[in-house]
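Shown next: coords-v2.txt, containing compact mmCIF, C-alpha atoms and all ligand atoms.
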# COMPACT_ATOMS: atom_id res chain seq x y z
CA MET A 1 88.49 69.21 -56.94
CA PRO A 2 87.80 68.83 -60.63
CA LYS A 3 84.18 67.99 -61.29
CA CYS A 4 83.19 65.98 -64.34
CA LYS A 5 80.51 67.55 -66.49
CA LYS A 6 78.59 64.27 -66.77
CA SER A 7 75.29 64.23 -65.01
CA GLU A 8 75.43 63.20 -61.40
CA GLY A 9 72.09 61.52 -61.93
CA GLN A 10 73.70 59.03 -64.28
CA ALA A 11 76.19 57.99 -61.63
CA ILE A 12 73.34 57.49 -59.15
CA ASP A 13 71.22 55.60 -61.67
CA TYR A 14 74.18 53.42 -62.52
CA ALA A 15 74.87 52.61 -58.85
CA TYR A 16 71.15 52.04 -58.33
CA LYS A 17 70.95 49.88 -61.44
CA VAL A 18 68.17 51.91 -63.00
CA LEU A 19 70.18 53.51 -65.79
CA PRO A 20 68.25 53.09 -69.03
CA PRO A 21 69.91 50.40 -71.18
CA ALA A 22 70.67 52.86 -73.96
CA GLU A 23 72.77 54.98 -71.59
CA GLU A 24 74.53 52.15 -69.86
CA VAL A 25 77.17 51.22 -72.43
CA PRO A 26 78.31 54.79 -73.13
CA PHE A 27 78.43 55.50 -69.39
CA LYS A 28 80.54 52.41 -68.75
CA GLU A 29 82.93 53.61 -71.44
CA HIS A 30 83.03 57.03 -69.80
CA LEU A 31 83.83 55.48 -66.42
CA LYS A 32 87.01 53.96 -67.83
CA ASN A 33 88.50 57.40 -68.28
CA CYS A 34 86.82 59.45 -65.58
CA GLN A 35 88.07 59.42 -62.04
CA ASP A 36 85.30 61.75 -60.78
CA CYS A 37 82.47 59.54 -61.97
CA THR A 38 84.21 56.35 -60.85
CA GLU A 39 84.57 57.74 -57.35
CA ALA A 40 81.00 58.98 -57.37
CA VAL A 41 79.67 55.56 -58.40
CA GLU A 42 81.80 53.89 -55.74
CA SER A 43 80.56 56.09 -52.97
CA TYR A 44 76.89 55.79 -53.98
CA THR A 45 77.32 52.03 -54.13
CA ALA A 46 78.93 51.99 -50.70
CA ALA A 47 76.10 54.06 -49.22
CA LEU A 48 73.51 51.77 -50.77
CA GLU A 49 75.24 48.61 -49.58
CA LEU A 50 75.44 49.94 -46.03
CA THR A 51 71.80 50.89 -46.14
CA ASP A 52 70.80 47.47 -47.45
CA GLN A 53 72.67 45.75 -44.62
CA ALA A 54 71.05 47.94 -41.99
CA GLN A 55 67.60 47.42 -43.49
CA ALA A 56 68.10 43.66 -43.60
CA GLU A 57 68.34 43.75 -39.81
CA LEU A 58 64.72 44.91 -39.62
CA VAL A 59 62.74 41.72 -39.74
CA VAL A 60 59.08 41.29 -38.96
CA PRO A 61 58.81 38.41 -36.51
CA GLU A 62 56.38 35.65 -37.43
CA TYR A 63 54.33 36.09 -34.28
CA ALA A 64 53.75 39.76 -35.07
CA LEU A 65 51.95 38.71 -38.23
CA ARG A 66 49.63 36.22 -36.59
CA ASN A 67 47.02 38.60 -35.32
CA ILE A 68 46.87 40.97 -38.25
CA GLU A 69 43.75 39.47 -39.83
CA MET A 70 41.90 39.23 -36.54
CA ASN A 71 42.76 42.81 -35.68
CA VAL A 72 41.62 44.01 -39.08
CA TYR A 73 38.23 42.42 -38.45
CA LYS A 74 38.16 43.90 -34.95
CA ARG A 75 38.85 47.27 -36.48
CA LEU A 76 36.02 46.71 -38.96
CA ALA A 77 33.65 45.65 -36.21
CA ALA A 78 34.60 48.67 -34.10
CA SER A 79 34.03 51.05 -36.99
CA GLN A 80 30.67 49.41 -37.58
CA GLU A 81 29.73 49.94 -33.99
CA GLN A 82 30.69 53.56 -34.39
CA THR A 83 28.58 54.00 -37.48
CA TRP A 84 25.77 52.24 -35.74
CA PHE A 85 26.14 54.48 -32.73
CA SER A 86 26.02 57.65 -34.81
CA ARG A 87 22.99 56.30 -36.63
CA LEU A 88 21.33 55.71 -33.31
CA GLY A 89 22.09 59.31 -32.51
CA THR A 90 20.39 60.43 -35.71
CA TYR A 91 17.45 58.17 -34.99
CA PHE A 92 16.93 59.55 -31.53
CA THR A 93 17.27 63.09 -32.77
CA SER A 94 14.44 62.47 -35.23
CA VAL A 95 12.41 60.61 -32.61
CA GLY A 96 13.05 63.53 -30.35
CA SER A 97 11.48 65.95 -32.78
CA PRO A 98 7.90 65.55 -31.45
CA PHE A 99 9.22 67.24 -28.34
CA GLY A 100 9.64 70.21 -30.62
CA ARG A 101 10.94 73.29 -28.95
CA TYR A 102 10.92 71.57 -25.58
CA LYS A 103 13.89 69.53 -26.63
CA THR A 104 16.31 70.27 -23.86
CA ALA A 105 19.52 68.99 -22.45
CA ALA A 106 17.47 66.64 -20.28
CA VAL A 107 15.91 65.09 -23.35
CA SER A 108 19.33 64.63 -24.94
CA SER A 109 20.63 62.92 -21.86
CA VAL A 110 17.65 60.58 -21.87
CA ALA A 111 18.45 59.86 -25.50
CA ILE A 112 22.08 59.18 -24.66
CA ALA A 113 21.05 56.91 -21.79
CA LEU A 114 18.75 55.03 -24.16
CA ILE A 115 21.53 54.71 -26.72
CA VAL A 116 23.89 53.35 -24.09
CA ALA A 117 21.21 50.95 -22.83
CA ALA A 118 20.47 49.78 -26.35
CA VAL A 119 24.15 49.23 -27.02
CA LEU A 120 24.60 47.36 -23.76
CA ILE A 121 21.57 45.17 -24.30
CA GLY A 122 22.79 44.62 -27.80
CA LYS A 123 19.43 45.24 -29.43
CA PRO A 124 19.79 47.13 -32.66
CA PRO A 125 17.25 49.89 -33.18
CA GLN A 126 14.52 49.17 -35.67
CA PRO A 127 15.16 51.82 -38.34
CA GLU A 128 18.52 50.98 -39.92
CA GLN A 129 19.02 47.25 -39.90
CA THR A 130 20.58 46.68 -43.26
CA PHE A 131 23.71 45.59 -45.08
CA GLN A 132 26.01 47.25 -42.53
CA LEU A 133 24.85 44.96 -39.78
CA THR A 134 25.32 41.81 -41.81
CA GLU A 135 28.83 42.98 -42.52
CA MET A 136 29.41 43.51 -38.82
CA GLN A 137 28.23 40.02 -38.02
CA SER A 138 30.55 38.67 -40.64
CA ALA A 139 33.43 40.59 -39.06
CA GLU A 140 32.57 39.05 -35.72
CA ALA A 141 32.47 35.55 -37.19
CA ARG A 142 35.91 36.19 -38.67
CA ILE A 143 37.27 37.45 -35.36
CA GLU A 144 36.12 34.21 -33.75
CA GLU A 145 37.71 32.14 -36.49
CA TYR A 146 41.04 33.90 -36.12
CA ARG A 147 40.81 33.72 -32.37
CA GLU A 148 40.35 29.97 -32.59
CA GLN A 149 43.29 29.77 -34.96
CA GLY A 150 45.39 31.70 -32.43
CA ILE A 151 44.34 29.34 -29.66
CA GLN A 152 45.35 26.35 -31.74
CA TRP A 153 48.69 27.94 -32.55
CA ASN A 154 49.40 28.50 -28.90
CA LEU A 155 48.43 24.95 -28.04
CA GLU A 156 50.66 23.60 -30.77
CA GLU A 157 53.50 25.79 -29.59
CA ALA A 158 53.11 24.54 -26.03
CA LEU A 159 53.22 20.95 -27.23
CA ILE A 160 56.27 21.62 -29.35
CA THR A 161 58.01 23.26 -26.40
CA HIS A 162 57.21 20.21 -24.33
CA HIS A 163 58.28 17.73 -26.96
CA LEU A 164 61.44 19.39 -28.23
CA ARG A 165 62.74 21.23 -25.19
CA ASN A 166 61.04 19.28 -22.45
CA ASP A 167 60.61 22.58 -20.63
CA ALA A 168 57.75 21.97 -18.21
CA TRP A 169 57.73 25.48 -16.84
CA GLU A 170 57.55 27.11 -20.28
CA THR A 171 54.97 24.56 -21.46
CA GLU A 172 52.82 25.33 -18.46
CA SER A 173 52.97 29.07 -18.99
CA GLN A 174 52.15 28.62 -22.69
CA LEU A 175 49.18 26.43 -21.81
CA ASN A 176 48.01 29.02 -19.31
CA ARG A 177 48.33 31.71 -21.93
CA MET A 178 46.28 29.59 -24.28
CA LYS A 179 43.66 29.03 -21.59
CA GLU A 180 43.43 32.73 -20.96
CA GLN A 181 42.98 33.40 -24.65
CA ALA A 182 40.32 30.68 -24.83
CA GLN A 183 38.24 32.21 -22.05
CA GLY A 184 34.56 31.52 -22.67
CA THR A 185 35.12 28.70 -25.14
CA SER A 186 35.37 24.94 -24.80
CA TRP A 187 39.09 25.24 -25.47
CA THR A 188 39.61 26.04 -21.79
CA LYS A 189 38.72 22.39 -21.05
CA VAL A 190 41.35 21.29 -23.56
CA ALA A 191 43.87 23.51 -21.82
CA ASP A 192 42.92 22.12 -18.42
CA LYS A 193 43.29 18.57 -19.63
CA HIS A 194 46.73 19.31 -21.02
CA LEU A 195 47.77 21.03 -17.82
CA GLN A 196 46.66 18.00 -15.83
CA ASN A 197 48.54 15.66 -18.14
CA LEU A 198 51.60 17.85 -17.89
CA GLN A 199 51.49 17.55 -14.14
CA SER A 200 51.01 13.81 -14.18
CA GLY A 201 53.75 13.41 -16.79
CA THR A 202 51.45 11.93 -19.45
CA LEU A 203 51.52 14.80 -21.90
CA ASN A 204 52.86 14.00 -25.32
CA LYS A 205 53.12 15.81 -28.58
CA THR A 206 50.64 13.79 -30.59
CA GLN A 207 47.91 14.52 -28.12
CA GLN A 208 45.78 17.31 -29.53
CA ASN A 209 42.45 16.96 -27.78
CA MET B 21 43.98 28.69 -51.87
CA ASP B 22 45.59 28.38 -55.24
CA LYS B 23 48.44 30.81 -55.83
CA LEU B 24 47.50 30.74 -59.47
CA ILE B 25 44.49 32.88 -58.73
CA ASP B 26 45.81 36.37 -59.21
CA ASP B 27 45.10 39.24 -56.85
CA GLU B 28 42.71 40.96 -59.19
CA MET B 29 40.68 37.77 -59.47
CA LEU B 30 40.48 37.60 -55.70
CA VAL B 31 39.27 41.18 -55.60
CA ALA B 32 36.54 40.30 -58.07
CA GLN B 33 35.54 37.35 -55.90
CA PHE B 34 35.45 39.56 -52.84
CA GLN B 35 33.31 42.07 -54.67
CA ALA B 36 30.97 39.24 -55.54
CA GLY B 37 30.55 38.52 -51.84
CA ARG B 38 33.20 35.92 -51.16
CA GLN B 39 34.70 37.01 -47.85
CA ASN B 40 37.48 34.41 -47.92
CA ALA B 41 39.02 36.16 -50.89
CA PHE B 42 39.86 39.13 -48.71
CA ASP B 43 41.46 36.84 -46.14
CA GLU B 44 43.64 35.40 -48.87
CA LEU B 45 44.69 38.89 -49.95
CA MET B 46 45.63 39.74 -46.37
CA LYS B 47 47.59 36.51 -46.11
CA ARG B 48 49.47 37.36 -49.28
CA TYR B 49 50.35 40.92 -48.37
CA LYS B 50 50.48 41.31 -44.60
CA SER B 51 54.15 40.50 -44.35
CA LYS B 52 55.15 42.77 -47.22
CA ILE B 53 53.09 45.69 -46.00
CA PHE B 54 54.25 45.24 -42.42
CA SER B 55 57.92 45.14 -43.50
CA TYR B 56 57.48 48.17 -45.70
CA LEU B 57 55.91 50.10 -42.85
CA LEU B 58 58.46 48.89 -40.35
CA ARG B 59 61.26 50.22 -42.54
CA SER B 60 59.39 53.44 -42.85
CA VAL B 61 58.33 54.11 -39.26
CA ARG B 62 60.97 52.00 -37.47
CA ASN B 63 58.65 51.07 -34.65
CA TYR B 64 56.99 47.67 -34.43
CA GLU B 65 53.82 48.78 -32.71
CA ASP B 66 53.20 51.67 -35.04
CA ALA B 67 54.00 49.52 -38.06
CA GLU B 68 51.50 46.93 -36.86
CA ASP B 69 48.80 49.52 -36.22
CA ILE B 70 49.28 51.07 -39.63
CA THR B 71 49.27 47.65 -41.30
CA ILE B 72 45.88 46.98 -39.74
CA GLU B 73 44.71 50.38 -40.90
CA VAL B 74 45.89 49.64 -44.45
CA PHE B 75 43.77 46.49 -44.68
CA PHE B 76 40.87 48.17 -42.94
CA LYS B 77 40.90 50.95 -45.51
CA ALA B 78 41.37 48.45 -48.30
CA TYR B 79 38.38 46.44 -47.13
CA ARG B 80 36.25 49.54 -47.06
CA ALA B 81 37.35 50.77 -50.46
CA LEU B 82 37.54 47.47 -52.28
CA GLU B 83 33.84 47.38 -53.01
CA ASN B 84 34.30 50.18 -55.53
CA TRP B 85 37.81 49.31 -56.66
CA GLN B 86 38.41 49.28 -60.38
CA PRO B 87 41.33 47.32 -61.76
CA LYS B 88 43.09 50.31 -63.31
CA ALA B 89 46.36 49.39 -61.64
CA LYS B 90 47.62 46.26 -59.94
CA PHE B 91 46.04 45.47 -56.58
CA SER B 92 49.47 45.44 -54.93
CA THR B 93 50.28 48.92 -56.24
CA TRP B 94 47.00 50.16 -54.84
CA LEU B 95 47.72 48.57 -51.47
CA TYR B 96 51.16 50.18 -51.36
CA LYS B 97 49.49 53.45 -52.18
CA ILE B 98 47.29 53.20 -49.09
CA ALA B 99 50.31 52.20 -47.00
CA SER B 100 52.48 55.01 -48.38
CA ASN B 101 49.84 57.63 -47.73
CA LEU B 102 49.41 56.46 -44.17
CA ALA B 103 53.19 56.40 -43.65
CA ILE B 104 53.53 59.91 -45.05
CA ASP B 105 50.72 61.11 -42.74
CA TYR B 106 52.47 59.42 -39.85
CA HIS B 107 55.75 61.19 -40.55
CA ARG B 108 54.02 64.53 -40.96
CA ALA B 109 52.15 64.11 -37.69
CA LYS B 110 55.39 63.19 -36.00
CA ALA B 111 57.18 66.19 -37.45
CA ARG B 112 54.45 68.44 -36.09
CA ASN B 113 54.98 67.04 -32.64
CA PRO B 114 58.59 67.77 -31.68
CA VAL B 115 58.41 65.98 -28.32
CA TYR B 116 57.42 62.79 -30.03
CA ALA B 117 60.05 63.29 -32.71
CA LEU B 118 62.82 63.65 -30.14
CA ASP B 119 61.57 60.59 -28.38
CA ASP B 120 62.09 58.63 -31.54
CA ALA B 121 65.71 59.76 -31.68
CA GLU B 122 65.75 61.81 -34.83
CA ILE B 123 69.38 62.68 -34.61
CA PRO B 124 70.32 65.90 -36.37
CA GLU B 125 72.64 65.51 -39.32
CA THR B 126 75.56 67.10 -37.47
CA HIS B 127 75.51 64.26 -34.97
CA LEU B 128 76.05 61.73 -37.65
CA VAL B 129 79.17 63.08 -39.29
CA ALA B 130 82.73 61.95 -38.91
CA THR B 131 83.76 63.95 -35.84
CA ASP B 132 81.30 62.12 -33.66
CA ILE B 133 82.31 58.73 -34.94
CA HIS B 134 85.98 59.52 -34.37
CA SER B 135 85.31 60.56 -30.81
CA ASP B 136 84.39 57.05 -29.74
CA PRO B 137 85.06 54.73 -32.65
CA VAL B 138 84.86 51.42 -30.81
CA LYS B 139 81.50 52.11 -29.30
CA GLN B 140 80.04 53.95 -32.25
CA LEU B 141 80.96 51.38 -34.79
CA GLU B 142 79.74 48.28 -33.11
CA GLU B 143 77.48 46.42 -35.48
CA LYS B 144 74.23 47.35 -33.83
CA GLU B 145 75.15 50.94 -33.36
CA ARG B 146 76.14 51.18 -36.97
CA GLY B 147 72.86 49.71 -38.12
CA LEU B 148 71.07 52.24 -35.99
CA ILE B 149 73.10 55.13 -37.35
CA ILE B 150 72.36 54.04 -40.88
CA ARG B 151 68.65 53.65 -40.27
CA GLU B 152 68.61 57.02 -38.65
CA ALA B 153 70.23 58.43 -41.76
CA VAL B 154 67.36 56.94 -43.78
CA ASP B 155 64.98 58.65 -41.37
CA GLN B 156 66.44 61.97 -42.41
CA LEU B 157 65.02 61.59 -45.88
CA SER B 158 61.84 63.49 -46.55
CA PRO B 159 58.70 61.31 -46.38
CA LYS B 160 58.46 61.24 -50.17
CA GLN B 161 62.15 60.50 -50.71
CA LYS B 162 61.86 57.75 -48.18
CA ALA B 163 58.77 56.26 -49.81
CA VAL B 164 60.38 56.31 -53.26
CA PHE B 165 63.57 54.78 -51.91
CA MET B 166 61.82 52.01 -49.93
CA LEU B 167 59.39 51.10 -52.69
CA THR B 168 62.03 50.80 -55.37
CA ARG B 169 64.78 49.31 -53.27
CA TYR B 170 63.00 46.89 -50.96
CA GLU B 171 59.55 46.31 -52.37
CA GLY B 172 60.71 45.70 -55.90
CA LEU B 173 58.42 48.24 -57.52
CA GLN B 174 59.35 49.66 -60.90
CA LEU B 175 59.70 53.44 -61.22
CA LYS B 176 56.46 53.49 -63.18
CA GLU B 177 54.64 51.63 -60.41
CA VAL B 178 56.07 53.96 -57.78
CA ALA B 179 54.81 56.88 -59.83
CA GLU B 180 51.32 55.34 -59.74
CA THR B 181 51.59 54.50 -56.07
CA LEU B 182 52.61 57.99 -55.03
CA ASP B 183 50.61 59.90 -57.65
CA MET B 184 53.71 61.48 -59.15
CA ALA B 185 55.18 61.81 -62.59
CA GLU B 186 57.92 59.31 -63.28
CA GLY B 187 60.39 62.18 -63.60
CA THR B 188 59.49 63.36 -60.11
CA VAL B 189 60.08 59.86 -58.77
CA LYS B 190 63.57 60.00 -60.27
CA VAL B 191 64.25 63.37 -58.69
CA HIS B 192 63.23 62.08 -55.25
CA LEU B 193 65.31 58.98 -55.76
CA HIS B 194 68.40 60.98 -56.71
CA ARG B 195 68.02 63.24 -53.71
CA ALA B 196 67.54 60.26 -51.42
CA VAL B 197 70.68 58.49 -52.62
CA LYS B 198 72.73 61.67 -52.55
CA ARG B 199 71.63 62.41 -49.03
CA LEU B 200 72.44 58.92 -47.85
CA GLN B 201 75.86 59.17 -49.44
CA THR B 202 76.53 62.47 -47.64
CA LEU B 203 75.32 61.15 -44.31
CA LEU B 204 77.04 57.80 -44.47
CA ARG B 205 80.32 58.77 -46.08
CA PRO B 206 82.12 58.95 -42.71
CA LEU B 207 81.40 55.27 -42.16
CA TRP B 208 83.44 54.05 -45.08
CA GLU B 209 85.97 56.83 -45.08
CA ASN B 210 87.04 55.43 -41.72
CA ASN B 211 87.65 52.06 -43.38
CA ASP B 212 84.95 50.40 -41.44
CA ILE B 213 83.16 48.53 -44.13
ZN ZN C 1 82.79 61.68 -65.48

Spell out the structure here as structure tokens.
Ligand SMILES: [Zn+2]
Amino acid sequence: MPKCKKSEGQAIDYAYKVLPPAEEVPFKEHLKNCQDCTEAVESYTAALELTDQAQAELVVPEYALRNIEMNVYKRLAASQEQTWFSRLGTYFTSVGSPFGRYKTAAVSSVAIALIVAAVLIGKPPQPEQTFQLTEMQSAEARIEEYREQGIQWNLEEALITHHLRNDAWETESQLNRMKEQAQGTSWTKVADKHLQNLQSGTLNKTQQN
Amino acid sequence: MDKLIDDEMLVAQFQAGRQNAFDELMKRYKSKIFSYLLRSVRNYEDAEDITIEVFFKAYRALENWQPKAKFSTWLYKIASNLAIDYHRAKARNPVYALDDAEIPETHLVATDIHSDPVKQLEEKERGLIIREAVDQLSPKQKAVFMLTRYEGLQLKEVAETLDMAEGTVKVHLHRAVKRLQTLLRPLWENNDI
């Protein structure tokens, strides 16, 4: 097969539409008389079009995006806890130093038990209560905000299901999901009220509280 | 929040202690970053986890961020590095790689497609074959291809994102397109497009 001496890169760039403007006109002229390059451009274009179609099938569903922010804050809070935990470790190691050479495995396990207890009780140790902790509290406030947003979304979705599709079974399971998510908040009462209304046939879309 | 406030302004606000500014940045970019990662790792759960990691890292690093490049380029840089790490880790773990159906090149060429054309060339199957062909690109080729083709980044921005010279970006791009052409040629040579 005869191979044109033109750069293969130009054919790719042309198919990819990244050929520098100065090279474009001469290359177009060249294409008019070169079968090799024309075929090359056609096959690169075909490969790219196929790839574009296949990639277009990959869509991120809306619901997958809902919890991103909340999970980022959870991740931040978790990493804070970790830092905090390792700081506790350092703290107890230094506190442990008066034990001097008697520092044994038993002492370390006491330290670990104390760390665990402190974490469980939720009382931060005295030494390192600074910026990091404020940041952690802010992460927790954000998690709550996003959680509430999620609860509201689910409630809205349940009401929409009820209103548009009149699907009692689906509405009920969505309300239950919402209730589960709302565990420990006053939103559970809202969920209960809606579930009651659903059962008595008095639930309507405009009802939010 | 006003779209007229540009990303870099939001970063400055965040650095000045306004937490909401970071939320706005996440809102602006979560879909783009998630899509980019989904194309790259082809697994929803992993793409979601890495997206969270991207913003986590961004949050941590933003305090000291200097506006040398665009915020979006910087964010793509974090995402690209994590995606490249992901692919490397996967390559090191052959069991995992097989699980994710990394079909060897030989399985993708014409003979196989001829053997059962009806089944092979159903829409879904074809999409899968094509995406698997994209998976055969090296992590860097893949990153260059995805960033230029689907994220709308200019070659110069990709160079910044991936810490490469612009010429190197071009080389990766050429190899990526050439490889795709080789792998996918059987699909159109059988008149199926
Ligand atoms: Zn030619």

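Using all atoms listed in the file, residues with at least one atom at most 7 Å away from any atom of ligand ZN 1 (chain C) are Cys4, Lys5, Lys6, His30, Leu31, Cys34, Gln35, Asp36 and Cys37 of chain A.
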
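CA of Leu30 in chain B to CA of Lys74 in chain A spans 21.8 Å [interatomic distance, one decimal].
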
Per residue of range 42-116 of chain B within 12 Å of range 52-61 of chain A, note the shortest atom pair and the distance in Å to one decimal, counting only C-alpha atoms, and order the rows by chain and increasing residue number, as JSON lines.
{"residue": "B:Lys50", "atom": "CA", "partner": "A:Val60", "partner_atom": "CA", "distance": 10.3}
{"residue": "B:Ser51", "atom": "CA", "partner": "A:Val60", "partner_atom": "CA", "distance": 7.3}
{"residue": "B:Lys52", "atom": "CA", "partner": "A:Val60", "partner_atom": "CA", "distance": 9.3}
{"residue": "B:Ile53", "atom": "CA", "partner": "A:Val60", "partner_atom": "CA", "distance": 10.2}
{"residue": "B:Phe54", "atom": "CA", "partner": "A:Val60", "partner_atom": "CA", "distance": 7.1}
{"residue": "B:Ser55", "atom": "CA", "partner": "A:Val60", "partner_atom": "CA", "distance": 6.1}
{"residue": "B:Tyr56", "atom": "CA", "partner": "A:Val60", "partner_atom": "CA", "distance": 9.8}
{"residue": "B:Leu57", "atom": "CA", "partner": "A:Val60", "partner_atom": "CA", "distance": 10.1}
{"residue": "B:Leu58", "atom": "CA", "partner": "A:Leu58", "partner_atom": "CA", "distance": 7.5}
{"residue": "B:Arg59", "atom": "CA", "partner": "A:Leu58", "partner_atom": "CA", "distance": 7.0}
{"residue": "B:Ser60", "atom": "CA", "partner": "A:Gln55", "partner_atom": "CA", "distance": 10.2}
{"residue": "B:Val61", "atom": "CA", "partner": "A:Leu58", "partner_atom": "CA", "distance": 11.2}
{"residue": "B:Arg62", "atom": "CA", "partner": "A:Leu58", "partner_atom": "CA", "distance": 8.3}
{"residue": "B:Asn63", "atom": "CA", "partner": "A:Leu58", "partner_atom": "CA", "distance": 10.0}
{"residue": "B:Tyr64", "atom": "CA", "partner": "A:Val60", "partner_atom": "CA", "distance": 8.1}
{"residue": "B:Glu65", "atom": "CA", "partner": "A:Val60", "partner_atom": "CA", "distance": 11.1}
{"residue": "B:Ala67", "atom": "CA", "partner": "A:Val60", "partner_atom": "CA", "distance": 9.7}
{"residue": "B:Glu68", "atom": "CA", "partner": "A:Val60", "partner_atom": "CA", "distance": 9.7}
{"residue": "B:Thr71", "atom": "CA", "partner": "A:Val60", "partner_atom": "CA", "distance": 11.9}

Quiz item: When the cut-off is 8 Å and we count all atoms listed in the file, which residues of chain B are near chain A, given as a ChimeraX atom specification?
Solution: /B:43,46-47,50-51,54-55,58-59,68,71-73,75-76,146-148,150-151,154,194,197-198,200-201,204-205,208

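A straight line drawn from CA of Ser186 in chain A to CA of Ser173 in chain A is 19.0 Å long.
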
Exercise. Provide the CA of Ala182 in chain A to CA of Ala168 in chain A distance in Å, to one decimal place.
Key: 20.6 Å

Quiz item: A:Glu81, A:Glu148, A:Glu156, A:Glu24: which is nearest Asn204 in chain A, counting all atoms listed in the file?
Solution: A:Glu156

Self-check item: Spatial sel., origin (52.2, 53.6, -55.5), limit 7 Å, all atoms listed in the file, listed as a PyMOL selection string
Solution: chain B and resi 93-94+96-97+177-183

Could N, CA, C and O atoms be built for range 62-76 of chain B and written out as a JSON list (two decimals), keeping the file's coordinate frame?
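Okay, this is what ended up in rebuild02.json:
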[["chain", "number", "residue", "atom", "x", "y", "z"],
["B", 62, "ARG", "N", 59.96, 52.53, -38.40],
["B", 62, "ARG", "CA", 60.97, 52.00, -37.47],
["B", 62, "ARG", "C", 60.45, 51.80, -36.05],
["B", 62, "ARG", "O", 61.12, 52.09, -35.07],
["B", 63, "ASN", "N", 59.24, 51.33, -35.96],
["B", 63, "ASN", "CA", 58.65, 51.07, -34.65],
["B", 63, "ASN", "C", 57.62, 49.96, -34.85],
["B", 63, "ASN", "O", 56.68, 50.13, -35.63],
["B", 64, "TYR", "N", 57.83, 48.84, -34.18],
["B", 64, "TYR", "CA", 56.99, 47.67, -34.43],
["B", 64, "TYR", "C", 55.51, 47.95, -34.19],
["B", 64, "TYR", "O", 54.67, 47.58, -35.00],
["B", 65, "GLU", "N", 55.23, 48.57, -33.04],
["B", 65, "GLU", "CA", 53.82, 48.78, -32.71],
["B", 65, "GLU", "C", 53.13, 49.68, -33.72],
["B", 65, "GLU", "O", 52.01, 49.39, -34.15],
["B", 66, "ASP", "N", 53.80, 50.76, -34.07],
["B", 66, "ASP", "CA", 53.20, 51.67, -35.04],
["B", 66, "ASP", "C", 53.05, 50.99, -36.39],
["B", 66, "ASP", "O", 52.03, 51.15, -37.07],
["B", 67, "ALA", "N", 54.07, 50.22, -36.77],
["B", 67, "ALA", "CA", 54.00, 49.52, -38.06],
["B", 67, "ALA", "C", 52.82, 48.55, -38.06],
["B", 67, "ALA", "O", 52.10, 48.44, -39.05],
["B", 68, "GLU", "N", 52.62, 47.88, -36.95],
["B", 68, "GLU", "CA", 51.50, 46.93, -36.86],
["B", 68, "GLU", "C", 50.16, 47.67, -36.96],
["B", 68, "GLU", "O", 49.28, 47.27, -37.72],
["B", 69, "ASP", "N", 50.05, 48.75, -36.20],
["B", 69, "ASP", "CA", 48.80, 49.52, -36.22],
["B", 69, "ASP", "C", 48.50, 50.03, -37.63],
["B", 69, "ASP", "O", 47.36, 49.98, -38.09],
["B", 70, "ILE", "N", 49.53, 50.53, -38.29],
["B", 70, "ILE", "CA", 49.28, 51.07, -39.63],
["B", 70, "ILE", "C", 48.96, 49.95, -40.61],
["B", 70, "ILE", "O", 48.12, 50.12, -41.50],
["B", 71, "THR", "N", 49.59, 48.80, -40.43],
["B", 71, "THR", "CA", 49.27, 47.65, -41.30],
["B", 71, "THR", "C", 47.78, 47.31, -41.19],
["B", 71, "THR", "O", 47.10, 47.09, -42.20],
["B", 72, "ILE", "N", 47.30, 47.28, -39.97],
["B", 72, "ILE", "CA", 45.88, 46.98, -39.74],
["B", 72, "ILE", "C", 45.01, 48.04, -40.42],
["B", 72, "ILE", "O", 44.03, 47.73, -41.08],
["B", 73, "GLU", "N", 45.45, 49.28, -40.29],
["B", 73, "GLU", "CA", 44.71, 50.38, -40.90],
["B", 73, "GLU", "C", 44.69, 50.26, -42.43],
["B", 73, "GLU", "O", 43.69, 50.58, -43.07],
["B", 74, "VAL", "N", 45.81, 49.82, -42.99],
["B", 74, "VAL", "CA", 45.89, 49.64, -44.45],
["B", 74, "VAL", "C", 44.81, 48.66, -44.92],
["B", 74, "VAL", "O", 44.05, 48.94, -45.85],
["B", 75, "PHE", "N", 44.74, 47.50, -44.25],
["B", 75, "PHE", "CA", 43.77, 46.49, -44.68],
["B", 75, "PHE", "C", 42.34, 46.92, -44.36],
["B", 75, "PHE", "O", 41.41, 46.59, -45.09],
["B", 76, "PHE", "N", 42.20, 47.64, -43.28],
["B", 76, "PHE", "CA", 40.87, 48.17, -42.94],
["B", 76, "PHE", "C", 40.39, 49.10, -44.05],
["B", 76, "PHE", "O", 39.28, 48.98, -44.56]]
